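A.B. asks: The structure's right below; bear with me while I get my questions together.
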Amino acid sequence: MAVRTILRYPEPLLKKISAPVVVFDDALKQLAQDMAETMYDAPGVGLAAPQVGELTRLIVIDCSGRENPPDLIVAVNPEIVEKEGESCEEEGCLSVPEYYAVVKRFERVTMTYQDIEGNPQRRQAEGLLAVAMQHEIDHLQGVLFVDHLSPLKRSIFRKKYKKLMQEREEA
Ligand code: NI
């Protein structure tokens with residue numbers, strides 16, 4: 001297993017649409033393992049393949065929290081098939097370090113996907129896990145959480161983020 005480099009906004013690859021997985025081979029298993037290790041190392045609660053430079057419809061999520069046993073979800077070709085309610089929680093992203101913003105999402109969702117062997121799976125979620133599913137699937141469409149902000153908030157974000165990255169380079 002290997003921890004991979006996480007691409008950061010404004011990397012153009014993060015804006016691209018990922019391709020469906022059709023072959024469930026060792027390379028896919030390796031990528032999933034690397035992504036899980038990269039997510040836990042960061043640490044984060046979710047990671048999508050484009051964030052490590054692979055335009056492949058694969059996400060990993062673990063929202064179990066530090067006190068609980070791990071609950072790693074490896075989801076291939078994930079899709080939200082049912083959704084209801086509304087939630088407004090603060091989100092962050094490993095590709096947009098040190099920036100957090102409230103995003104409007106569905107409160108409860110059902111995600112269908114294939115496991116790493118290609119078997120169809122279905123999982124219902126609410127709260128943090130539901131938000132993570134929506135956030136990670138967005139990545140496969142080239143959408144970042146900051147793309148959900150109002151035009152005004154987005155322009156504030158761009159300025160703030162640019163400044164932050166400049167400070168970081170100078171440090
Ligand atoms: Ni993200």
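Residue numbers start at 1 in each chain; chains themselves are named A, B, ... in the order of the structure tokens; ligands are numbered from 1 in the order shown.
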If you run DSSP on this backbone, which residues of segment 16-79 of chain A come out as strand (DSSP E), and could you give them as a compact mmCIF listing (two decimals) with N, CA and C atoms, in the first residue's frame?
C.D. replies:
# COMPACT_ATOMS: atom_id res chain seq x y z
N GLY A 46 -13.26 11.02 3.74
CA GLY A 46 -13.61 10.54 2.42
C GLY A 46 -12.58 10.98 1.39
N LEU A 47 -12.49 10.21 0.32
CA LEU A 47 -11.56 10.55 -0.76
C LEU A 47 -12.09 9.96 -2.06
N ALA A 48 -11.98 10.73 -3.14
CA ALA A 48 -12.42 10.26 -4.45
C ALA A 48 -11.19 10.11 -5.35
N LEU A 58 -14.50 5.81 -8.36
CA LEU A 58 -14.19 5.06 -7.14
C LEU A 58 -14.03 6.05 -5.99
N ILE A 59 -14.72 5.76 -4.88
CA ILE A 59 -14.60 6.61 -3.69
C ILE A 59 -14.36 5.73 -2.46
N VAL A 60 -13.73 6.29 -1.46
CA VAL A 60 -13.63 5.62 -0.15
C VAL A 60 -14.14 6.60 0.91
N ILE A 61 -14.85 6.03 1.90
CA ILE A 61 -15.42 6.86 2.97
C ILE A 61 -15.28 6.10 4.29
N ILE A 73 -16.00 2.23 3.67
CA ILE A 73 -16.84 1.96 2.50
C ILE A 73 -16.00 2.21 1.26
N VAL A 74 -15.84 1.17 0.45
CA VAL A 74 -15.16 1.33 -0.84
C VAL A 74 -16.26 1.19 -1.89
N ALA A 75 -16.56 2.27 -2.59
CA ALA A 75 -17.71 2.27 -3.50
C ALA A 75 -17.26 2.55 -4.94
N VAL A 76 -17.56 1.58 -5.81
CA VAL A 76 -17.24 1.70 -7.22
C VAL A 76 -18.53 2.08 -7.96
N ASN A 77 -18.43 2.98 -8.90
CA ASN A 77 -19.58 3.47 -9.67
C ASN A 77 -20.75 3.89 -8.77
N PRO A 78 -20.48 4.69 -7.75
CA PRO A 78 -21.54 5.04 -6.79
C PRO A 78 -22.55 6.02 -7.39
N GLU A 79 -23.80 5.87 -6.95
CA GLU A 79 -24.87 6.77 -7.41
C GLU A 79 -25.85 7.01 -6.26
A.B. asks: Dump as CSV the rows for residues of chain A within 9 Å of ligand 1: closest atom pair and distance in Å with one decimal, only C-alpha atoms and all ligand atoms counted, ordered by chain and rising residue number.
C.D. replies:
residue,atom,partner,partner_atom_place_in_ligand_line,distance
A:Gly46,CA,ligand 1,1 (Ni),7.0
A:Leu47,CA,ligand 1,1 (Ni),6.3
A:Ala48,CA,ligand 1,1 (Ni),7.1
A:Gln51,CA,ligand 1,1 (Ni),7.7
A:Glu91,CA,ligand 1,1 (Ni),8.6
A:Gly92,CA,ligand 1,1 (Ni),6.8
A:Cys93,CA,ligand 1,1 (Ni),3.8
A:Leu94,CA,ligand 1,1 (Ni),5.6
A:Ser95,CA,ligand 1,1 (Ni),6.0
A:Val96,CA,ligand 1,1 (Ni),7.4
A:Ala132,CA,ligand 1,1 (Ni),8.4
A:His135,CA,ligand 1,1 (Ni),6.1
A:Glu136,CA,ligand 1,1 (Ni),6.0
A:Asp138,CA,ligand 1,1 (Ni),8.3
A:His139,CA,ligand 1,1 (Ni),6.6
A:Val143,CA,ligand 1,1 (Ni),9.0
A:Leu144,CA,ligand 1,1 (Ni),6.4
A:Phe145,CA,ligand 1,1 (Ni),6.9
A.B. asks: Give me the residues near segment 116-131 of chain A as a VMD selection string, where near means some atom within 7 Å (using only C-alpha atoms) and where sequence neighbours in that chain fewer than 5 positions away do not count.
C.D. replies: chain A and resid 24 29 63 74 76 105 107 to 111
A.B. asks: Restricting it to N, CA and C atoms, dump the selection as a short mmCIF file (atom, residue, chain, number, x, y, z; two decimals), in the first residue's frame.
C.D. replies:
data_model
loop_
_atom_site.label_atom_id
_atom_site.label_comp_id
_atom_site.auth_asym_id
_atom_site.auth_seq_id
_atom_site.Cartn_x
_atom_site.Cartn_y
_atom_site.Cartn_z
N PHE A 24 -12.84 -5.09 -12.96
CA PHE A 24 -12.56 -5.19 -11.53
C PHE A 24 -11.30 -6.04 -11.33
N LYS A 29 -8.11 -2.79 -7.15
CA LYS A 29 -7.94 -3.11 -5.71
C LYS A 29 -6.79 -2.32 -5.12
N CYS A 63 -16.68 7.39 8.05
CA CYS A 63 -17.17 8.44 8.94
C CYS A 63 -17.38 7.92 10.35
N VAL A 74 -15.84 1.17 0.45
CA VAL A 74 -15.16 1.33 -0.84
C VAL A 74 -16.26 1.19 -1.89
N VAL A 76 -17.56 1.58 -5.81
CA VAL A 76 -17.24 1.70 -7.22
C VAL A 76 -18.53 2.08 -7.96
N ARG A 105 -27.16 20.23 1.47
CA ARG A 105 -27.19 18.86 0.94
C ARG A 105 -28.50 18.20 1.30
N GLU A 107 -30.49 15.44 3.48
CA GLU A 107 -30.28 14.92 4.83
C GLU A 107 -30.12 13.39 4.84
N ARG A 108 -30.95 12.73 4.02
CA ARG A 108 -30.90 11.27 3.95
C ARG A 108 -30.79 10.84 2.49
N VAL A 109 -29.91 9.89 2.24
CA VAL A 109 -29.74 9.40 0.87
C VAL A 109 -29.60 7.88 0.86
N THR A 110 -29.87 7.30 -0.30
CA THR A 110 -29.52 5.91 -0.54
C THR A 110 -28.53 5.89 -1.69
N MET A 111 -27.40 5.21 -1.46
CA MET A 111 -26.36 5.13 -2.49
C MET A 111 -26.29 3.69 -2.99
#
A.B. asks: Enumerate as an MDAnalysis selection string all residues of segment 46-137 of chain A assigned to helix (DSSP H, G or I) by DSSP on the backbone, naming them with the chain letters and numbers the document uses.
C.D. replies: chainID A and resid 49:52 127:137
A.B. asks: My list of candidates is A:Met39, A:Val52, A:Val23, A:Leu164. Which is closest to Glu11 of chain A when distances are computed with only C-alpha atoms?
C.D. replies: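 Looking at the shortest contact to Glu11 of chain A, the residue is A:Val52.
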A.B. asks: Hey, can you check how far atom CA of Lys153 of chain A sits from atom CA of Ile6 of chain A?
C.D. replies: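 We find that atom CA of Lys153 of chain A and atom CA of Ile6 of chain A lie 24.6 Å from each other.
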A.B. asks: Out of A:Ser87, A:Thr56, A:Gln114, A:Ser150, which residue has the shortest atom-to-atom distance to Ser18 of chain A when counting only C-alpha atoms?
C.D. replies: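 Nearest to Ser18 of chain A: A:Thr56.
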A.B. asks: What does the distance from atom CA of Leu149 of chain A to atom CA of Leu72 of chain A come to in Å, to one decimal?
C.D. replies: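 Going from atom CA of Leu149 of chain A over to atom CA of Leu72 of chain A, I get 28.7 Å.
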A.B. asks: If we count only C-alpha atoms, what is near Phe157 of chain A at a cut-off of 10 Å, once residues fewer than 4 positions away on the same chain are taken out, given as a VMD selection string?
C.D. replies: chain A and resid 99 to 101 146 149 151 to 153 161 to 163
A.B. asks: Suppose we keep C-alpha atoms; can you now write the selection as a CSV table (one decimal), in the first residue's frame?
C.D. replies:
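Contents of the output file part00.csv:
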chain,number,residue,atom,x,y,z
A,99,TYR,CA,-11.1,26.2,4.0
A,100,TYR,CA,-14.5,25.2,5.4
A,101,ALA,CA,-18.0,26.3,4.4
A,146,VAL,CA,-16.9,25.3,-3.1
A,149,LEU,CA,-21.4,28.3,-2.8
A,151,PRO,CA,-21.2,33.6,-6.5
A,152,LEU,CA,-20.3,36.1,-3.7
A,153,LYS,CA,-19.1,33.5,-1.3
A,161,TYR,CA,-7.6,30.7,-0.7
A,162,LYS,CA,-5.1,32.5,-3.0
A,163,LYS,CA,-3.8,34.5,-0.1
A.B. asks: Expressed in Å to a single decimal, how great is the separation between atom CA of Val21 of chain A and atom CA of Ala42 of chain A?
C.D. replies: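 A separation of 25.3 Å between them.
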A.B. asks: So that I can see what lies close to Glu37 of chain A, please list as an NGL selection string the residues with an atom at most 9 Å from it, counting only C-alpha atoms and leaving out residues fewer than 2 positions away in the same chain.
C.D. replies: :A and (1-4 or 32-35 or 39-42)
A.B. asks: Here is a test: counting only C-alpha atoms, which residue of A:Asp26, A:Glu90, A:Glu167, A:Glu98 is nearest to Arg8 of chain A?
C.D. replies: A:Glu98
